[in-house]
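Here's the structure we're looking at; comments come further down.
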There are 2 protein chains.
Amino acid sequence: MIVSGPAVPRRAPYVAPLPLSAVRLDPASLLGRWQELNAAATIPHCLENIRRTGVIDNFSRLTEKPPPGKFRGFWFADSDLYKTLEAIGWEIGRSGTDQWADVLSEVADLLERVQESDGYLNSYVQGSPDKERFGDLIHSHELYCAGHLMQAAVALHRGGGDERILAIARRVADLIVKTDQPLLDGHPEVETALVELYRETGEESYLRSAEAQIERRGQRTLAGGFGPQYFQDHLPVREAIEAIGHSVRQLYLAAGVTDLYLENGDESLLAAMEQLWDSAFGSKLYLTGGHGSRHRDEAYGDPYELPPDRAYAETCASIAALQWCWRMLLATGQARYAEEMERALLNAIAASMTTDGTAFFYSNPLQLRTGHDGSSEDAPSERLPWYDCACCPPNLARLLASLHGYAATTNASGLQLHLLSAGTFTAETLTAVVETGYPFDGEVVVTVSGHGELAIRVPGWAVGASVAVTGGKVLAEPVPGDYVRVACEDGATVRLSLPMVPRLTRADERVDAVRGCLAVERGPLVYCVEQADLPAGVLVEQLRLDAAAPITEERVPDDLTPVRLRLTGIARPLETELYKAYQPDAQAGTPITVTAIPYHAWANRGPGAMRVWLPTA
Amino acid sequence: MIVSGPAVPRRAPYVAPLPLSAVRLDPASLLGRWQELNAAATIPHCLENIRRTGVIDNFSRLTEKPPPGKFRGFWFADSDLYKTLEAIGWEIGRSGTDQWADVLSEVADLLERVQESDGYLNSYVQGSPDKERFGDLIHSHELYCAGHLMQAAVALHRGGGDERILAIARRVADLIVKTDQPLLDGHPEVETALVELYRETGEESYLRSAEAQIERRGQRTLAGGFGPQYFQDHLPVREAIEAIGHSVRQLYLAAGVTDLYLENGDESLLAAMEQLWDSAFGSKLYLTGGHGSRHRDEAYGDPYELPPDRAYAETCASIAALQWCWRMLLATGQARYAEEMERALLNAIAASMTTDGTAFFYSNPLQLRTGHDGSSEDAPSERLPWYDCACCPPNLARLLASLHGYAATTNASGLQLHLLSAGTFTAETLTAVVETGYPFDGEVVVTVSGHGELAIRVPGWAVGASVAVTGGKVLAEPVPGDYVRVACEDGATVRLSLPMVPRLTRADERVDAVRGCLAVERGPLVYCVEQADLPAGVLVEQLRLDAAAPITEERVPDDLTPVRLRLTGIARPLETELYKAYQPDAQAGTPITVTAIPYHAWANRGPGAMRVWLPTA
């Protein structure tokens with residue numbers, strides 16, 4: 001049985017997704033372990049907390065007249081349930097589990113009972129007598145929630161053949177299609193969902209509705225106190241080529257526009273998306289793949305405004321960025337989009353979850369100061385088990401359950417590997433078995449059965465990458481930031497060697513917030529220094545890196561941080577005056593060596609200061 | 001007639017305020033010009049906008065039953081009127097004007113009609129049928145508004161002998177005193193106001209009520225979505241020694257606590273305020289005297305979290321800081337408090353208003369980037385004529401009208417000059433006539449009639465200051481950060497020479513956001529570089545300062561920027577990659593010289609990039 005993954009365009013100009021059923025990530029690989037952890041811990045944790053916080057009750061109270069009690073949580077709490085359902089859908093497709101059959105049945109019963117005869121379904125509006133349906137779309141998130149229901153329905157249908165929730169979602173979509181009012185939601189999301197529902201059902205009116213809503217943007221009718229940028233209504237999509245406003249809204253909209261392009265082929269949409277992408281990834285991206293530098297409005301900042309300490313870098317934004325990049329990859333076949341998927345996945349997204357899969361960061365800063373006040377939910381010192389605004393945990397769950405769907409694509413020539421992971425990938429004419437300890441090791445060995453072209457992405461940092469092939473012919477040598485291409489015969493082996501040398505990275509000088517600092521990277525992983533690894537009496541803030549000193553590796557038997565790095569520098573004395581007269585002085589200090597660990601593993605040893613960007617001596 | 005100014009403690013352990021009637025700032029001096037401008041332009045502008053935005057209507061509609069129309073503006077809009085009334089009170093005291101007699105009479109009529117028989121007065125709560133008085137003090141700002149009414153009443157009584165608004169305010173205060181409910185407002189302000197009302201009326205229950213409210217803080221009963229820090233309810237005031245949460249709330253509370261100390265002499269309060277002050281001014285202060293580094297929640301950040309671009313540095317916060325420092329000065333007689341009053345006044349506060357007194361900044365960043373999106377009210381590229389949340393403009397008006405009240409103090413020994421300005425200052429036994437072009441020139445010449453000790457503050461930056469005296473004896477030589485003290489005979493002249501050499505200032509290395517940067521200062525003024533002063537084709541972001549090169553002065557016949565500075569450096573080429581491999585390289589670039597102007601004069605030549613902190617070559 002073919003199980004399709006997320007985003008399956010009807011047009012595939014360059015590459016098409018490999019079905020989920022054609023991919024198996026090695027359970028011992030980093031990505032494979034995350035998928036197992038997600039199934040065993042994160043999805044159950046989401047279900048438990050969704051129930052605990054009243055999300056199910058918000059629906060069940062509506063089965064009584066008048067509804068008892070009150071609506072609980074944020075007005076878009078329905079979406080937390082829907083995202084978790086989506087995760088379950090993909091997980092069923094991945095593992096064939098039936099452990100959530102009762103939950104799905106319970107929820108389907110409930111949604112069927114609560115859904116109005118014309119298809120309307122939103123537990124907040126239905127449960128609030130003073131609310132009018134579609135009466136406050138700028139704030140209400142009604143279409144946003146509807147979109148997540150559609151995505152859940154698509155995942156459950158693809159993953160497990162569910163028809164009931166698909167029918168519920170279609171009735172919602174049908175209502176949206178036939179509503180006379182020019183609908184436009186303050187939070188984009190339904191656009192990409194309607195396109196996916198069109199793909200799954202073939203119902204063209206869903207695509208037309210997505211198109212109409214996308215074309216409707218930019219009239220500044222959505223403004224309110226936040227301004228039209230926040231709601232992505234400041235400019236028509238073809239002119240809105242600077243990444244701006246609420247970052248998740250920006251990125252979901254971009255995913256929707258790219259989905260629309262994939263179906264209707266309107267090149268003006270792709271041209272706008274390419275410019276928008278250059279803005280987001282060329283001047284507003286954190287080194288970790290985080291998006292959104294402002295806590296205020298959860299928004300993108302000005303170009304090069306990228307403070308590491310107040311990085312908002314919402315988990316949902318990095319997930320949305322990955323989803324958008326996936327669609328840009330499908331639209332263009334270009335490696336840079338896969339490269340950014342990997343950056344986000346292995347750094348910002350990986351950092352957002354504990355190793356037991358049950359605590360999360362919502363924002364993902366690149367620095368935590370000594371003396372940080374971690375009392376607020378949006379800047380805690382450690383991961384929290386749940387959030388009042390619980391968008392991120394179930395978003396992670398749905399991403400992780402479908403992660404294998406983002407790893408590879410196919411086309412008439414053969415197979416393309418974008419996310420390097422141990423696993424098995426099957427295209428029409430060839431199957432590739434990948435063995436590698438990536439992202440910690442750089443040797444990627446692929447054994448091919450069948451025949452055809454195998455393309456493996458060579459990361460942009462992999463200067464000096466080399467390939468050795470038996471039973472095949474190299475069509476394109478490995479070049480960083482492009483694909484190595486090999487024409488494979490049955491039984492061919494392709495060994496790609498990526499140099500995993502620790503390296504120092506600097507930012508464009510316009511990134512004022514990290515002036516005079518360097519980051520340490522190794523392979524695709526960003527590293528950081530934590531207070532826990534410093535000698536007693538030395539604060540993270542005192543460390544100055546010696547950029548000329550060699551960086552050495554430490555291998556440790558630890559799944560989380562198997563490769564640690566030793567850095568050399570000095571510890572500067574603390575100062576006592578906030579502002580003082582400038583005196584040219586040498587950077588005196590005490591010699592010091594410190595351990596750096598992968599950024600994604602930070603904050604697992606109690607609260608403490610942390611830095612990705614290290615000042616140099 | 002003696003006209004008292006703001007904050008007139010009944011105890012004066014070190015120094016006591018000089019009455020407003022004993023001070024006249026030279027109308028040609030910078031501070032004197034601001035006062036004239038305030039009277040001629042800012043106060044009328046506030047009155048006009050208060051009327052235009054419905055603040056008066058909010059009261060007048062309540063004279064009809066049922067009230068027509070709706071309440072307009074923010075729920076604390078009453079305070080905009082009250083702050084403007086306070087400005088008028090001080091201005092009457094300063095100039096004796098009667099130009100606002102009709103307005104005062106109209107407002108007094110209205111307030112008397114609207115005030116309920118038991119004294120309650122709040123146009124939002126009274127005008128909203130669903131609101132209960134004191135039912136939502138965490139958000140409602142009822143006591144905050146009441147506090148501003150009391151401060152207005154005190155100013156009008158001191159400045160013009162008004163009794164009507166004083167009576168209205170007393171009825172409000174009496175109601176607060178006798179309310180059984182343990183009142184605690186989410187926005188501190190009434191504390192300092194009640195103490196002042198006590199000072200003006202002698203009614204001890206007002207002092208006791210302020211004390212009770214201050215002692216009530218720290219039980220975390222005020223939390224809501226913002227958390228107890230935001231509302232200044234996270235710790236009892238004696239333990240809350242880190243500046244945290246909403247900065248204006250923090251600073252108004254600190255002013256109130258210090259006022260309480262000044263009256264009750266509880267040394268544990270002063271000890272806590274001194275520690276809090278060290279936190280605010282030792283690790284959370286902008287070089288310009290701005291407070292609050294976070295747009296989110298208008299809040300203080302962690303220690304040393306001081307980004308120049310996203311500095312919130314609300315105008316109201318700098319005003320509140322000045323008011324708190326004034327009280328700390330009265331409590332201790334220490335020059336450091338006056339020094340910080342001056343820093344804020346001549347930089348952050350001065351920058352917040354246009355030269356015509358009718359447009360304002362709410363936030364006062366130290367950097368504006370090329371490509372800045374200035375579309376939001378809290379980070380515009382230029383000053384705006386008014387704000388939806390209009391707290392800042394009338395706050396400026398009340399400060400400027402009373403500015404001469406913060407300039408000098410007296411005690412049994414004689415006279416102390418804290419804010420250096422041309423003007424006349426009269427203490428009991430001596431009068432000082434000050435002639436100076438300060439803050440642009442460093443020569444301060446004081447002619448004394450009568451006899452007694454004259455103390456003049458020597459700013460902390462004034463290394464090498466000297467004094468020459470005729471007809472008097474130097475008791476304490478000029479030391480930066482302390483007072484030069486001279487025993488004066490009748491006719492004595494004291495010439496204090498402050499070296500106005502341009503200087504480079506750096507920040508504690510923990511201020512990551514300005515690493516590798518220097519600021520240029522001259523005297524008490526912070527300078528900045530604006531795009532308008534750069535050659536075509538060179539962005540502010542490309543400038544690198546040569547820290548070893550001399551800085552030269554340019555004198556120009558311009559009230560706003562009479563002294564400009566010429567800086568030398570290089571222009572760096574723009575880069576094209578956001579992140580790249582580190583290569584040790586020389587900072588190559590094109591030699592360049594640029595003009596710097598005082599920070600307070602920025603953004604008067606159209607929108608454009610600006611920097612206070614300049615990267616070095």
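Note on naming: chains are A, B, ... as they come in the structure tokens, residues start from 1 per chain, ligands start from 1 in the order shown.
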
- [ ] Just need the residues of chain B within 7 Å of chain A, counting only C-alpha atoms, so spit them out as a PyMOL selection string.
- [x] chain B and resi 282-283+295-296+302-303+371-373+504-508+510+512-513+515-516+541+575+577-582

Could those selected residues go to a file with N, CA, C and O atoms, as a short mmCIF file (atom, residue, chain, number, x, y, z; two decimals), in the first residue's frame?
data_model
loop_
_atom_site.label_atom_id
_atom_site.label_comp_id
_atom_site.auth_asym_id
_atom_site.auth_seq_id
_atom_site.Cartn_x
_atom_site.Cartn_y
_atom_site.Cartn_z
N GLY B 282 23.12 50.23 37.30
CA GLY B 282 24.42 49.57 37.20
C GLY B 282 24.49 48.50 36.13
O GLY B 282 25.59 48.13 35.69
N SER B 283 23.33 47.96 35.71
CA SER B 283 23.40 46.89 34.71
C SER B 283 22.24 46.93 33.71
O SER B 283 22.16 46.08 32.84
N HIS B 295 10.65 45.55 24.18
CA HIS B 295 9.34 45.99 23.72
C HIS B 295 8.27 45.11 24.35
O HIS B 295 7.24 45.63 24.79
N ARG B 296 8.51 43.82 24.36
CA ARG B 296 7.56 42.92 25.00
C ARG B 296 7.40 43.32 26.45
O ARG B 296 8.38 43.36 27.21
N ASP B 302 17.16 41.23 31.23
CA ASP B 302 18.15 40.66 32.14
C ASP B 302 19.31 41.65 32.29
O ASP B 302 19.47 42.56 31.48
N PRO B 303 20.15 41.48 33.31
CA PRO B 303 21.31 42.37 33.45
C PRO B 303 22.15 42.38 32.17
O PRO B 303 22.41 41.32 31.59
N GLY B 371 16.62 50.10 6.29
CA GLY B 371 15.56 49.13 6.02
C GLY B 371 14.60 48.97 7.17
O GLY B 371 13.75 48.07 7.15
N HIS B 372 14.69 49.83 8.18
CA HIS B 372 13.78 49.72 9.33
C HIS B 372 12.33 49.89 8.89
O HIS B 372 12.00 50.79 8.11
N ASP B 373 11.49 49.03 9.41
CA ASP B 373 10.05 49.16 9.21
C ASP B 373 9.50 50.05 10.32
O ASP B 373 9.38 49.61 11.46
N LEU B 504 35.55 59.01 23.95
CA LEU B 504 35.01 57.72 23.52
C LEU B 504 34.65 56.90 24.74
O LEU B 504 35.44 56.79 25.69
N THR B 505 33.48 56.33 24.71
CA THR B 505 32.97 55.57 25.85
C THR B 505 32.70 54.14 25.42
O THR B 505 32.21 53.91 24.32
N ARG B 506 33.07 53.22 26.31
CA ARG B 506 32.72 51.83 26.00
C ARG B 506 31.84 51.27 27.09
O ARG B 506 31.74 51.82 28.19
N ALA B 507 31.21 50.15 26.79
CA ALA B 507 30.32 49.51 27.75
C ALA B 507 31.00 48.31 28.39
O ALA B 507 31.96 47.76 27.84
N ASP B 508 30.51 47.93 29.55
CA ASP B 508 30.91 46.66 30.17
C ASP B 508 30.83 45.56 29.11
O ASP B 508 29.90 45.52 28.31
N ARG B 510 29.93 42.73 29.14
CA ARG B 510 28.73 41.90 29.17
C ARG B 510 27.57 42.48 28.35
O ARG B 510 26.57 41.79 28.12
N ASP B 512 26.59 42.58 25.40
CA ASP B 512 26.93 41.93 24.13
C ASP B 512 26.54 42.76 22.92
O ASP B 512 27.23 42.74 21.90
N ALA B 513 25.43 43.45 23.04
CA ALA B 513 24.85 44.10 21.86
C ALA B 513 25.71 45.22 21.31
O ALA B 513 25.52 45.64 20.17
N ARG B 515 29.24 45.08 21.65
CA ARG B 515 30.62 44.60 21.65
C ARG B 515 31.37 45.20 20.46
O ARG B 515 30.85 45.29 19.35
N GLY B 516 32.59 45.60 20.70
CA GLY B 516 33.41 46.12 19.60
C GLY B 516 32.99 47.49 19.13
O GLY B 516 33.43 47.95 18.07
N GLU B 541 25.70 51.46 8.40
CA GLU B 541 26.18 50.14 8.80
C GLU B 541 27.61 49.86 8.32
O GLU B 541 28.26 48.95 8.81
N GLU B 575 28.60 43.02 2.81
CA GLU B 575 28.80 41.59 2.58
C GLU B 575 27.56 41.01 1.91
O GLU B 575 26.51 41.65 1.85
N GLU B 577 26.81 37.35 2.28
CA GLU B 577 26.36 36.10 2.89
C GLU B 577 26.06 36.34 4.35
O GLU B 577 26.86 36.97 5.06
N LEU B 578 24.94 35.82 4.83
CA LEU B 578 24.57 36.03 6.22
C LEU B 578 25.54 35.32 7.16
O LEU B 578 25.95 35.89 8.17
N TYR B 579 25.91 34.10 6.84
CA TYR B 579 26.87 33.35 7.66
C TYR B 579 27.95 32.77 6.74
O TYR B 579 27.63 32.31 5.64
N LYS B 580 29.16 32.80 7.21
CA LYS B 580 30.24 32.27 6.38
C LYS B 580 31.38 31.81 7.26
O LYS B 580 31.44 32.16 8.45
N ALA B 581 32.30 31.06 6.63
CA ALA B 581 33.46 30.56 7.38
C ALA B 581 34.32 31.74 7.81
O ALA B 581 34.55 32.69 7.06
N TYR B 582 34.78 31.67 9.04
CA TYR B 582 35.64 32.72 9.58
C TYR B 582 37.01 32.68 8.92
O TYR B 582 37.61 31.62 8.81
#

- [ ] List every residue of stretch 294-535 of chain A that DSSP, applied to the backbone of this structure, places in helix (DSSP H, G or I), and write the result as a PyMOL selection string.
- [x] chain A and resi 296-298+315-332+335-351+392-401+403-406+512-514+531-533

Fewer than 2 positions away in the same chain doesn't count, so skip those; otherwise give me all residues within 10 Å of stretch 190-206 of chain A, counting only C-alpha atoms, as an mmCIF file with N, CA and C atoms, in the first residue's frame.
data_model
loop_
_atom_site.group_PDB
_atom_site.id
_atom_site.type_symbol
_atom_site.label_atom_id
_atom_site.label_comp_id
_atom_site.auth_asym_id
_atom_site.auth_seq_id
_atom_site.Cartn_x
_atom_site.Cartn_y
_atom_site.Cartn_z
ATOM 1 N N SER A 4 1.001 8.199 1.217
ATOM 2 C CA SER A 4 1.610 9.482 0.858
ATOM 3 C C SER A 4 1.933 10.291 2.099
ATOM 4 N N PRO A 6 3.374 14.368 3.662
ATOM 5 C CA PRO A 6 2.870 15.748 3.603
ATOM 6 C C PRO A 6 3.258 16.432 2.292
ATOM 7 N N ALA A 7 2.323 17.125 1.711
ATOM 8 C CA ALA A 7 2.523 17.895 0.481
ATOM 9 C C ALA A 7 2.841 16.993 -0.702
ATOM 10 N N VAL A 8 1.793 16.598 -1.394
ATOM 11 C CA VAL A 8 1.958 15.737 -2.557
ATOM 12 C C VAL A 8 1.381 16.457 -3.774
ATOM 13 N N PRO A 9 2.188 17.289 -4.405
ATOM 14 C CA PRO A 9 1.654 18.099 -5.515
ATOM 15 C C PRO A 9 1.223 17.231 -6.680
ATOM 16 N N ARG A 10 0.218 17.685 -7.392
ATOM 17 C CA ARG A 10 -0.201 16.982 -8.611
ATOM 18 C C ARG A 10 0.787 17.267 -9.749
ATOM 19 N N HIS A 141 -9.191 32.948 14.457
ATOM 20 C CA HIS A 141 -8.505 31.712 14.062
ATOM 21 C C HIS A 141 -9.476 30.623 13.592
ATOM 22 N N GLU A 142 -10.677 30.988 13.149
ATOM 23 C CA GLU A 142 -11.626 29.937 12.731
ATOM 24 C C GLU A 142 -11.107 29.168 11.515
ATOM 25 N N LEU A 143 -10.591 29.882 10.528
ATOM 26 C CA LEU A 143 -10.084 29.179 9.342
ATOM 27 C C LEU A 143 -8.748 28.500 9.655
ATOM 28 N N TYR A 144 -7.992 29.105 10.537
ATOM 29 C CA TYR A 144 -6.750 28.477 11.000
ATOM 30 C C TYR A 144 -7.061 27.103 11.602
ATOM 31 N N CYS A 145 -8.035 27.070 12.501
ATOM 32 C CA CYS A 145 -8.415 25.785 13.109
ATOM 33 C C CYS A 145 -8.969 24.836 12.047
ATOM 34 N N ALA A 146 -9.777 25.380 11.147
ATOM 35 C CA ALA A 146 -10.333 24.543 10.075
ATOM 36 C C ALA A 146 -9.206 23.935 9.243
ATOM 37 N N GLY A 147 -8.180 24.746 8.990
ATOM 38 C CA GLY A 147 -7.035 24.250 8.218
ATOM 39 C C GLY A 147 -6.353 23.091 8.922
ATOM 40 N N HIS A 148 -6.157 23.227 10.213
ATOM 41 C CA HIS A 148 -5.510 22.121 10.933
ATOM 42 C C HIS A 148 -6.399 20.874 10.955
ATOM 43 N N LEU A 149 -7.703 21.069 10.989
ATOM 44 C CA LEU A 149 -8.598 19.910 10.874
ATOM 45 C C LEU A 149 -8.412 19.234 9.512
ATOM 46 N N MET A 150 -8.327 20.052 8.465
ATOM 47 C CA MET A 150 -8.144 19.477 7.118
ATOM 48 C C MET A 150 -6.820 18.727 7.030
ATOM 49 N N GLN A 151 -5.774 19.308 7.588
ATOM 50 C CA GLN A 151 -4.473 18.626 7.542
ATOM 51 C C GLN A 151 -4.521 17.317 8.331
ATOM 52 N N ALA A 152 -5.221 17.335 9.473
ATOM 53 C CA ALA A 152 -5.384 16.100 10.246
ATOM 54 C C ALA A 152 -6.128 15.048 9.423
ATOM 55 N N ALA A 153 -7.188 15.502 8.770
ATOM 56 C CA ALA A 153 -8.002 14.578 7.977
ATOM 57 C C ALA A 153 -7.177 13.967 6.846
ATOM 58 N N VAL A 154 -6.366 14.811 6.194
ATOM 59 C CA VAL A 154 -5.524 14.319 5.104
ATOM 60 C C VAL A 154 -4.530 13.286 5.639
ATOM 61 N N ALA A 155 -3.907 13.589 6.769
ATOM 62 C CA ALA A 155 -2.917 12.663 7.338
ATOM 63 C C ALA A 155 -3.576 11.357 7.757
ATOM 64 N N HIS A 157 -6.298 10.092 6.575
ATOM 65 C CA HIS A 157 -6.739 9.386 5.373
ATOM 66 C C HIS A 157 -5.561 8.731 4.675
ATOM 67 N N ARG A 158 -4.468 9.503 4.538
ATOM 68 C CA ARG A 158 -3.287 8.928 3.887
ATOM 69 C C ARG A 158 -2.676 7.811 4.744
ATOM 70 N N LEU A 166 -12.143 12.716 7.565
ATOM 71 C CA LEU A 166 -12.065 13.347 6.240
ATOM 72 C C LEU A 166 -13.421 13.932 5.842
ATOM 73 N N ALA A 169 -14.008 17.082 7.796
ATOM 74 C CA ALA A 169 -13.192 18.178 7.270
ATOM 75 C C ALA A 169 -13.726 18.668 5.935
ATOM 76 N N ARG A 170 -14.202 17.770 5.117
ATOM 77 C CA ARG A 170 -14.761 18.181 3.826
ATOM 78 C C ARG A 170 -16.012 19.025 4.014
ATOM 79 N N ALA A 173 -14.774 22.355 4.794
ATOM 80 C CA ALA A 173 -14.224 22.974 3.581
ATOM 81 C C ALA A 173 -15.345 23.391 2.627
ATOM 82 N N ASP A 174 -16.337 22.546 2.518
ATOM 83 C CA ASP A 174 -17.469 22.876 1.629
ATOM 84 C C ASP A 174 -18.167 24.144 2.096
ATOM 85 N N ILE A 176 -16.768 26.589 3.770
ATOM 86 C CA ILE A 176 -15.871 27.712 3.447
ATOM 87 C C ILE A 176 -16.007 28.073 1.969
ATOM 88 N N VAL A 177 -16.076 27.064 1.123
ATOM 89 C CA VAL A 177 -16.192 27.293 -0.321
ATOM 90 C C VAL A 177 -17.480 28.044 -0.655
ATOM 91 N N LYS A 178 -18.563 27.654 0.008
ATOM 92 C CA LYS A 178 -19.842 28.239 -0.421
ATOM 93 C C LYS A 178 -20.235 29.497 0.360
ATOM 94 N N LEU A 184 -11.100 35.828 5.049
ATOM 95 C CA LEU A 184 -9.657 36.052 5.152
ATOM 96 C C LEU A 184 -9.292 35.953 6.627
ATOM 97 N N ASP A 185 -8.480 34.982 6.957
ATOM 98 C CA ASP A 185 -8.160 34.722 8.364
ATOM 99 C C ASP A 185 -6.934 35.517 8.795
ATOM 100 N N HIS A 187 -4.767 34.546 10.734
ATOM 101 C CA HIS A 187 -3.640 33.619 10.842
ATOM 102 C C HIS A 187 -3.665 32.657 9.660
ATOM 103 N N PRO A 188 -2.826 32.893 8.653
ATOM 104 C CA PRO A 188 -2.763 31.972 7.520
ATOM 105 C C PRO A 188 -2.491 30.549 7.999
ATOM 106 N N ARG A 208 -9.545 26.378 -5.533
ATOM 107 C CA ARG A 208 -10.017 27.721 -5.908
ATOM 108 C C ARG A 208 -10.200 28.613 -4.674
ATOM 109 N N SER A 209 -10.679 28.003 -3.593
ATOM 110 C CA SER A 209 -10.871 28.778 -2.362
ATOM 111 C C SER A 209 -9.533 29.232 -1.806
ATOM 112 N N ALA A 210 -8.561 28.323 -1.811
ATOM 113 C CA ALA A 210 -7.214 28.698 -1.350
ATOM 114 C C ALA A 210 -6.676 29.840 -2.207
ATOM 115 N N GLU A 211 -6.871 29.713 -3.501
ATOM 116 C CA GLU A 211 -6.395 30.731 -4.435
ATOM 117 C C GLU A 211 -7.065 32.079 -4.155
ATOM 118 N N ALA A 212 -8.381 32.037 -3.967
ATOM 119 C CA ALA A 212 -9.115 33.285 -3.721
ATOM 120 C C ALA A 212 -8.629 33.952 -2.436
ATOM 121 N N GLN A 213 -8.403 33.157 -1.411
ATOM 122 C CA GLN A 213 -7.953 33.747 -0.139
ATOM 123 C C GLN A 213 -6.542 34.317 -0.272
ATOM 124 N N ILE A 214 -5.696 33.623 -1.015
ATOM 125 C CA ILE A 214 -4.328 34.125 -1.206
ATOM 126 C C ILE A 214 -4.355 35.421 -2.021
ATOM 127 N N TYR A 252 3.597 30.150 7.255
ATOM 128 C CA TYR A 252 2.465 29.329 6.821
ATOM 129 C C TYR A 252 1.871 29.882 5.525
ATOM 130 N N LEU A 253 1.796 31.197 5.456
ATOM 131 C CA LEU A 253 1.268 31.796 4.227
ATOM 132 C C LEU A 253 2.170 31.441 3.048
ATOM 133 N N ALA A 254 3.476 31.563 3.271
ATOM 134 C CA ALA A 254 4.416 31.250 2.193
ATOM 135 C C ALA A 254 4.265 29.792 1.745
ATOM 136 N N ALA A 255 4.060 28.898 2.695
ATOM 137 C CA ALA A 255 3.840 27.494 2.340
ATOM 138 C C ALA A 255 2.585 27.360 1.483
ATOM 139 N N GLY A 256 1.550 28.088 1.870
ATOM 140 C CA GLY A 256 0.297 28.034 1.112
ATOM 141 C C GLY A 256 0.453 28.586 -0.293
ATOM 142 N N VAL A 257 1.165 29.697 -0.415
ATOM 143 C CA VAL A 257 1.364 30.297 -1.734
ATOM 144 C C VAL A 257 2.183 29.342 -2.612
ATOM 145 N N THR A 258 3.184 28.724 -2.025
ATOM 146 C CA THR A 258 4.016 27.798 -2.793
ATOM 147 C C THR A 258 3.208 26.567 -3.202
ATOM 148 N N ASP A 259 2.358 26.103 -2.306
ATOM 149 C CA ASP A 259 1.447 25.011 -2.660
ATOM 150 C C ASP A 259 0.559 25.402 -3.844
ATOM 151 N N LEU A 260 0.055 26.623 -3.786
ATOM 152 C CA LEU A 260 -0.806 27.083 -4.878
ATOM 153 C C LEU A 260 -0.019 27.093 -6.186
ATOM 154 N N LEU A 262 2.496 25.271 -6.947
ATOM 155 C CA LEU A 262 2.747 23.886 -7.375
ATOM 156 C C LEU A 262 1.554 23.323 -8.140
ATOM 157 N N GLU A 263 0.354 23.827 -7.808
ATOM 158 C CA GLU A 263 -0.828 23.317 -8.499
ATOM 159 C C GLU A 263 -1.198 24.139 -9.722
ATOM 160 N N TRP A 324 7.788 25.064 4.462
ATOM 161 C CA TRP A 324 7.861 25.931 3.287
ATOM 162 C C TRP A 324 9.039 25.513 2.393
#

Open item on the list: Please report the interatomic distance between atom CA of A:Leu534 and atom CA of A:Met610 in Å with one decimal.
Closed with: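 Separation of atom CA of A:Leu534 and atom CA of A:Met610: 10.5 Å.
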
TODO: Using only C-alpha atoms, determine which residues lie at most 9 Å from A:Pro478, disregarding the query and same-chain residues fewer than 2 positions distant; provide the list as a ChimeraX atom specification.
DONE: /A:456-458,464-467,476,480-485,496

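Reported to one decimal place, the separation of atom CA of B:Leu104 from atom CA of B:Leu156 is 9.5 Å.
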
- [ ] With a distance cut-off of 10 Å and only C-alpha atoms, select the neighbouring residues of stretch 159-163 of chain A, excluding the residue or stretch itself and same-chain residues fewer than 2 positions from it, and output the selection as a PyMOL selection string.
- [x] chain A and resi 2-5+20-21+86-98+104+108+153-157+165-169+402

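Nearest-residue note for B:Thr436: choosing from B:Thr470, B:Gln232, B:Val494, B:Gly69, the minimum distance belongs to B:Val494, counting only C-alpha atoms.
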
Open item on the list: Could you list, as a PyMOL selection string, every residue within 7 Å of A:Thr493, counting only C-alpha atoms and ignoring same-chain residues fewer than 6 positions away?
Closed with: chain A and resi 445-448+469-471

Open item on the list: Using only C-alpha atoms, can you tell me which of A:Leu85, A:Leu270, A:Leu306, A:Cys316 comes closest to A:Ala101?
Closed with: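 Among the listed residues, the smallest separation from A:Ala101 belongs to A:Leu85.
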
Open item on the list: What's around A:Met500 at 6 Å? Count only C-alpha atoms, leave out sequence neighbours fewer than 5 positions away in its own chain, and write the answer as an NGL selection string.
Closed with: :A and (442 or 522-523)

With C-alpha atoms retained, could you export that selection as a compact mmCIF listing (two decimals), in the first residue's frame?
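Listing of selection22.txt after writing:
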# COMPACT_ATOMS: atom_id res chain seq x y z
CA GLY A 442 30.54 12.18 7.82
CA ARG A 522 30.72 20.74 13.10
CA GLY A 523 28.90 19.22 10.18

Open item on the list: To test your reading of the structure, identify every residue in stretch 366-520 of chain A that backbone DSSP assigns to strand (DSSP E or B), and report it as a PyMOL selection string.
Closed with: chain A and resi 367-368+384+408-410+414-417+423-426+430-436+443-450+452-458+466-476+482-497+503-507+517-520
